[in-house]
Amino acid sequence: MPALASFQKVVDTVIYGSDYDPIYRMLHLRDNRSHLIVFDSIAYDSLFQRTYYAMDTLAIPHLRTQEMITMGYCYLGDAQDENIIAIVEKTDSIKIKRIISAWQANPISGKIEPMELSQRLHCVNEFYKGNSTSFP
């Protein structure tokens, strides 16, 4: 896609739902001005090769130095929700102390939808390198 030529892949993650094979993917891209999250459905051809179909995108302006995007590392209550995308403040601890914004990739609507921040929503630091800690 020529429109995405200036973007580089940061990370992607797949969403399994209740299936054995992944059925959705979230792809994080960035250029020097912004971040782009692409919510894809995954289909398989007769040779079991994956094909991605973009269902929705989320454009995020350039982040502050102390901010980062996390995908698939957030919980609603005690249940991990692999569909959550969040802008969080960087930390050296396992638990993210501040969630700035959050969205949820909704497979039913095919949209990335804004979430209200609540006490039930919390995220873990995927880059934490300290001692093991139980979480949540």
# chains A, B, ... in the order shown; residues from 1 in each chain; ligands from 1
$ closest_atom_pairs --of "range 8-79 of chain A" --to "range 96-109 of chain A" --cutoff "10 Å" --atoms "only C-alpha atoms" --output "CSV"
residue,atom,partner,partner_atom,distance
A:Ile15,CA,A:Pro107,CA,9.6
A:Gly17,CA,A:Pro107,CA,9.1
A:Ile23,CA,A:Pro107,CA,9.3
A:Tyr24,CA,A:Pro107,CA,7.9
A:Arg25,CA,A:Ala105,CA,9.6
A:Met26,CA,A:Ala105,CA,8.3
A:Val38,CA,A:Ala105,CA,9.7
A:Phe39,CA,A:Ala105,CA,6.9
A:Asp40,CA,A:Pro107,CA,9.5
A:Ser41,CA,A:Pro107,CA,8.4
A:Met55,CA,A:Pro107,CA,9.2
A:Asp56,CA,A:Ala105,CA,8.7
A:Thr57,CA,A:Ala105,CA,9.7
A:Leu58,CA,A:Trp103,CA,9.1
A:Glu67,CA,A:Ile100,CA,8.6
A:Met68,CA,A:Ile100,CA,9.8
A:Ile69,CA,A:Ala102,CA,9.5
A:Thr70,CA,A:Ala102,CA,9.5
A:Met71,CA,A:Gln104,CA,9.6
A:Gly72,CA,A:Gln104,CA,9.9
A:Tyr73,CA,A:Ile96,CA,10.0
A:Cys74,CA,A:Ile96,CA,9.3
$ write_last_selection --atoms "C-alpha atoms" --output "short mmCIF file (atom, residue, chain, number, x, y, z; two decimals), in the first residue's frame"
data_model
loop_
_atom_site.label_atom_id
_atom_site.label_comp_id
_atom_site.auth_asym_id
_atom_site.auth_seq_id
_atom_site.Cartn_x
_atom_site.Cartn_y
_atom_site.Cartn_z
CA ILE A 15 -6.47 -12.57 18.71
CA GLY A 17 -11.12 -15.66 20.52
CA ILE A 23 -8.98 -14.97 13.68
CA TYR A 24 -7.95 -11.31 14.13
CA ARG A 25 -4.74 -9.31 14.21
CA MET A 26 -3.80 -5.91 15.58
CA VAL A 38 -4.78 -1.64 12.10
CA PHE A 39 -7.46 -4.14 13.17
CA ASP A 40 -7.51 -7.01 10.66
CA SER A 41 -9.60 -10.12 10.21
CA MET A 55 -11.57 -3.75 9.29
CA ASP A 56 -10.66 -0.53 11.12
CA THR A 57 -7.74 1.74 11.92
CA LEU A 58 -6.85 3.96 14.85
CA GLU A 67 4.24 7.43 26.89
CA MET A 68 3.96 4.14 25.01
CA ILE A 69 1.31 2.00 23.33
CA THR A 70 0.50 -1.45 24.67
CA MET A 71 -1.69 -4.06 22.96
CA GLY A 72 -2.91 -7.26 24.58
CA TYR A 73 -1.37 -6.60 28.01
CA CYS A 74 -4.42 -5.17 29.77
#
$ select_by_dssp --residues "chain A" --states "strand (DSSP E or B)" --output "PDB file with C-alpha atoms, in the first residue's frame"
ATOM      1  CA  GLN A   8       7.367   0.858   9.912  1.00  0.00           C
ATOM      2  CA  LYS A   9       6.037  -2.120  11.817  1.00  0.00           C
ATOM      3  CA  VAL A  10       6.432  -1.837  15.579  1.00  0.00           C
ATOM      4  CA  VAL A  11       4.644  -5.017  16.664  1.00  0.00           C
ATOM      5  CA  ASP A  12       1.625  -7.126  15.903  1.00  0.00           C
ATOM      6  CA  THR A  13      -0.462  -9.498  17.946  1.00  0.00           C
ATOM      7  CA  VAL A  14      -3.123 -12.012  17.042  1.00  0.00           C
ATOM      8  CA  ILE A  15      -6.475 -12.565  18.708  1.00  0.00           C
ATOM      9  CA  TYR A  24      -7.952 -11.313  14.126  1.00  0.00           C
ATOM     10  CA  ARG A  25      -4.735  -9.313  14.209  1.00  0.00           C
ATOM     11  CA  MET A  26      -3.796  -5.912  15.577  1.00  0.00           C
ATOM     12  CA  LEU A  27      -0.846  -4.333  13.786  1.00  0.00           C
ATOM     13  CA  HIS A  28       1.021  -1.336  15.249  1.00  0.00           C
ATOM     14  CA  LEU A  29       2.777   0.860  12.671  1.00  0.00           C
ATOM     15  CA  ARG A  30       4.545   4.191  13.103  1.00  0.00           C
ATOM     16  CA  SER A  34       2.156   9.306  14.291  1.00  0.00           C
ATOM     17  CA  HIS A  35       1.162   5.759  15.158  1.00  0.00           C
ATOM     18  CA  LEU A  36      -1.398   3.645  13.354  1.00  0.00           C
ATOM     19  CA  ILE A  37      -3.185   0.592  14.750  1.00  0.00           C
ATOM     20  CA  VAL A  38      -4.776  -1.643  12.098  1.00  0.00           C
ATOM     21  CA  PHE A  39      -7.457  -4.140  13.171  1.00  0.00           C
ATOM     22  CA  ASP A  40      -7.509  -7.009  10.663  1.00  0.00           C
ATOM     23  CA  SER A  41      -9.598 -10.119  10.212  1.00  0.00           C
ATOM     24  CA  ILE A  42      -7.611 -13.182   9.170  1.00  0.00           C
ATOM     25  CA  ALA A  43      -8.748 -15.567   6.446  1.00  0.00           C
ATOM     26  CA  TYR A  44      -7.006 -18.672   5.158  1.00  0.00           C
ATOM     27  CA  ARG A  50      -3.053 -16.149   5.871  1.00  0.00           C
ATOM     28  CA  THR A  51      -4.711 -13.179   4.221  1.00  0.00           C
ATOM     29  CA  TYR A  52      -5.419 -10.023   6.224  1.00  0.00           C
ATOM     30  CA  TYR A  53      -8.438  -7.769   5.683  1.00  0.00           C
ATOM     31  CA  ALA A  54      -8.343  -4.362   7.382  1.00  0.00           C
ATOM     32  CA  MET A  55     -11.570  -3.754   9.294  1.00  0.00           C
ATOM     33  CA  ASP A  56     -10.655  -0.534  11.115  1.00  0.00           C
ATOM     34  CA  THR A  57      -7.735   1.743  11.921  1.00  0.00           C
ATOM     35  CA  LEU A  58      -6.848   3.963  14.851  1.00  0.00           C
ATOM     36  CA  ALA A  59      -4.560   6.951  14.260  1.00  0.00           C
ATOM     37  CA  ILE A  60      -2.634   8.117  17.321  1.00  0.00           C
ATOM     38  CA  PRO A  61      -0.663  11.372  17.167  1.00  0.00           C
ATOM     39  CA  GLU A  67       4.241   7.428  26.890  1.00  0.00           C
ATOM     40  CA  MET A  68       3.957   4.136  25.013  1.00  0.00           C
ATOM     41  CA  ILE A  69       1.309   2.001  23.328  1.00  0.00           C
ATOM     42  CA  THR A  70       0.498  -1.445  24.675  1.00  0.00           C
ATOM     43  CA  MET A  71      -1.688  -4.059  22.964  1.00  0.00           C
ATOM     44  CA  CYS A  74      -4.424  -5.165  29.774  1.00  0.00           C
ATOM     45  CA  TYR A  75      -7.016  -6.691  32.067  1.00  0.00           C
ATOM     46  CA  LEU A  76     -10.665  -5.988  32.844  1.00  0.00           C
ATOM     47  CA  ALA A  79      -9.484 -11.372  33.016  1.00  0.00           C
ATOM     48  CA  GLN A  80      -6.857 -10.531  30.423  1.00  0.00           C
ATOM     49  CA  ASP A  81      -8.442  -8.855  27.390  1.00  0.00           C
ATOM     50  CA  ILE A  84      -7.379  -3.758  24.442  1.00  0.00           C
ATOM     51  CA  ILE A  85      -5.080  -1.067  23.067  1.00  0.00           C
ATOM     52  CA  ALA A  86      -3.869   1.540  25.561  1.00  0.00           C
ATOM     53  CA  ILE A  87      -1.642   4.576  25.747  1.00  0.00           C
ATOM     54  CA  VAL A  88       0.158   4.268  29.061  1.00  0.00           C
ATOM     55  CA  GLU A  89       2.848   6.079  30.978  1.00  0.00           C
ATOM     56  CA  LYS A  95       2.063  -2.808  36.873  1.00  0.00           C
ATOM     57  CA  ILE A  99      -3.447   4.600  31.667  1.00  0.00           C
ATOM     58  CA  ILE A 100      -3.959   7.697  29.539  1.00  0.00           C
ATOM     59  CA  SER A 101      -6.399   6.373  26.909  1.00  0.00           C
ATOM     60  CA  ALA A 102      -7.787   2.973  25.956  1.00  0.00           C
ATOM     61  CA  TRP A 103      -9.659   1.354  23.078  1.00  0.00           C
ATOM     62  CA  GLN A 104     -11.052  -2.098  22.460  1.00  0.00           C
ATOM     63  CA  ALA A 105     -10.997  -3.923  19.131  1.00  0.00           C
ATOM     64  CA  ASN A 106     -14.556  -5.232  18.833  1.00  0.00           C
ATOM     65  CA  LYS A 111     -14.386  -1.386  14.930  1.00  0.00           C
ATOM     66  CA  ILE A 112     -11.800  -0.086  17.372  1.00  0.00           C
ATOM     67  CA  GLU A 113     -13.970   1.539  20.042  1.00  0.00           C
ATOM     68  CA  PRO A 114     -12.967   3.989  22.802  1.00  0.00           C
ATOM     69  CA  LEU A 121      -8.996  -1.636  33.769  1.00  0.00           C
ATOM     70  CA  HIS A 122      -5.305  -2.206  34.432  1.00  0.00           C
ATOM     71  CA  CYS A 123      -2.292  -3.078  32.300  1.00  0.00           C
ATOM     72  CA  VAL A 124       1.046  -4.778  32.788  1.00  0.00           C
TER      73      VAL A 124
END
$ atom_distance --atom1 "CA of Glu116 in chain A" --atom2 "CA of Asn83 in chain A"
14.5 Å
$ decode --residues "range 86-114 of chain A" --atoms "N, CA and C atoms" --output "short mmCIF file (atom, residue, chain, number, x, y, z; two decimals), in the first residue's frame"
data_model
loop_
_atom_site.label_atom_id
_atom_site.label_comp_id
_atom_site.auth_asym_id
_atom_site.auth_seq_id
_atom_site.Cartn_x
_atom_site.Cartn_y
_atom_site.Cartn_z
N ALA A 86 -3.91 0.44 24.60
CA ALA A 86 -3.87 1.54 25.56
C ALA A 86 -2.62 2.39 25.37
N ILE A 87 -2.79 3.68 25.60
CA ILE A 87 -1.64 4.58 25.75
C ILE A 87 -1.39 4.65 27.24
N VAL A 88 -0.18 4.31 27.64
CA VAL A 88 0.16 4.27 29.06
C VAL A 88 1.43 5.07 29.31
N GLU A 89 1.61 5.41 30.57
CA GLU A 89 2.85 6.08 30.98
C GLU A 89 3.89 5.00 31.28
N LYS A 90 5.10 5.17 30.75
CA LYS A 90 6.17 4.21 30.98
C LYS A 90 6.48 4.12 32.47
N THR A 91 6.88 2.92 32.91
CA THR A 91 7.22 2.69 34.30
C THR A 91 8.27 1.59 34.39
N ASP A 92 8.95 1.51 35.52
CA ASP A 92 9.92 0.44 35.76
C ASP A 92 9.31 -0.72 36.53
N SER A 93 8.04 -0.63 36.88
CA SER A 93 7.39 -1.70 37.64
C SER A 93 6.58 -2.60 36.71
N ILE A 94 6.13 -3.73 37.23
CA ILE A 94 5.34 -4.67 36.44
C ILE A 94 3.96 -4.10 36.12
N LYS A 95 3.41 -3.35 37.06
CA LYS A 95 2.06 -2.81 36.87
C LYS A 95 2.15 -1.38 36.34
N ILE A 96 1.43 -1.13 35.26
CA ILE A 96 1.35 0.23 34.72
C ILE A 96 0.59 1.09 35.72
N LYS A 97 1.15 2.22 36.07
CA LYS A 97 0.53 3.07 37.08
C LYS A 97 -0.48 4.04 36.50
N ARG A 98 -0.31 4.41 35.22
CA ARG A 98 -1.22 5.41 34.63
C ARG A 98 -1.59 5.01 33.21
N ILE A 99 -2.90 4.84 33.00
CA ILE A 99 -3.45 4.60 31.67
C ILE A 99 -4.02 5.93 31.19
N ILE A 100 -3.56 6.39 30.05
CA ILE A 100 -3.96 7.70 29.54
C ILE A 100 -5.22 7.58 28.69
N SER A 101 -5.25 6.62 27.78
CA SER A 101 -6.40 6.37 26.91
C SER A 101 -6.45 4.89 26.61
N ALA A 102 -7.65 4.40 26.30
CA ALA A 102 -7.79 2.97 25.96
C ALA A 102 -8.89 2.78 24.92
N TRP A 103 -8.70 1.75 24.10
CA TRP A 103 -9.66 1.35 23.08
C TRP A 103 -9.77 -0.16 23.10
N GLN A 104 -10.86 -0.66 22.56
CA GLN A 104 -11.05 -2.10 22.46
C GLN A 104 -11.41 -2.46 21.03
N ALA A 105 -10.68 -3.41 20.46
CA ALA A 105 -11.00 -3.92 19.13
C ALA A 105 -12.19 -4.86 19.28
N ASN A 106 -13.31 -4.48 18.68
CA ASN A 106 -14.56 -5.23 18.83
C ASN A 106 -14.78 -6.11 17.60
N PRO A 107 -14.63 -7.43 17.73
CA PRO A 107 -14.79 -8.31 16.58
C PRO A 107 -16.23 -8.35 16.04
N ILE A 108 -17.21 -8.03 16.86
CA ILE A 108 -18.60 -8.06 16.40
C ILE A 108 -18.89 -6.88 15.48
N SER A 109 -18.47 -5.67 15.90
CA SER A 109 -18.70 -4.49 15.06
C SER A 109 -17.61 -4.30 14.02
N GLY A 110 -16.43 -4.93 14.24
CA GLY A 110 -15.30 -4.74 13.34
C GLY A 110 -14.64 -3.38 13.53
N LYS A 111 -14.89 -2.74 14.66
CA LYS A 111 -14.39 -1.39 14.93
C LYS A 111 -13.47 -1.37 16.15
N ILE A 112 -12.59 -0.39 16.18
CA ILE A 112 -11.80 -0.09 17.37
C ILE A 112 -12.58 0.99 18.11
N GLU A 113 -13.06 0.66 19.31
CA GLU A 113 -13.97 1.54 20.04
C GLU A 113 -13.31 2.10 21.29
N PRO A 114 -13.53 3.40 21.59
CA PRO A 114 -12.97 3.99 22.80
C PRO A 114 -13.55 3.33 24.05
#
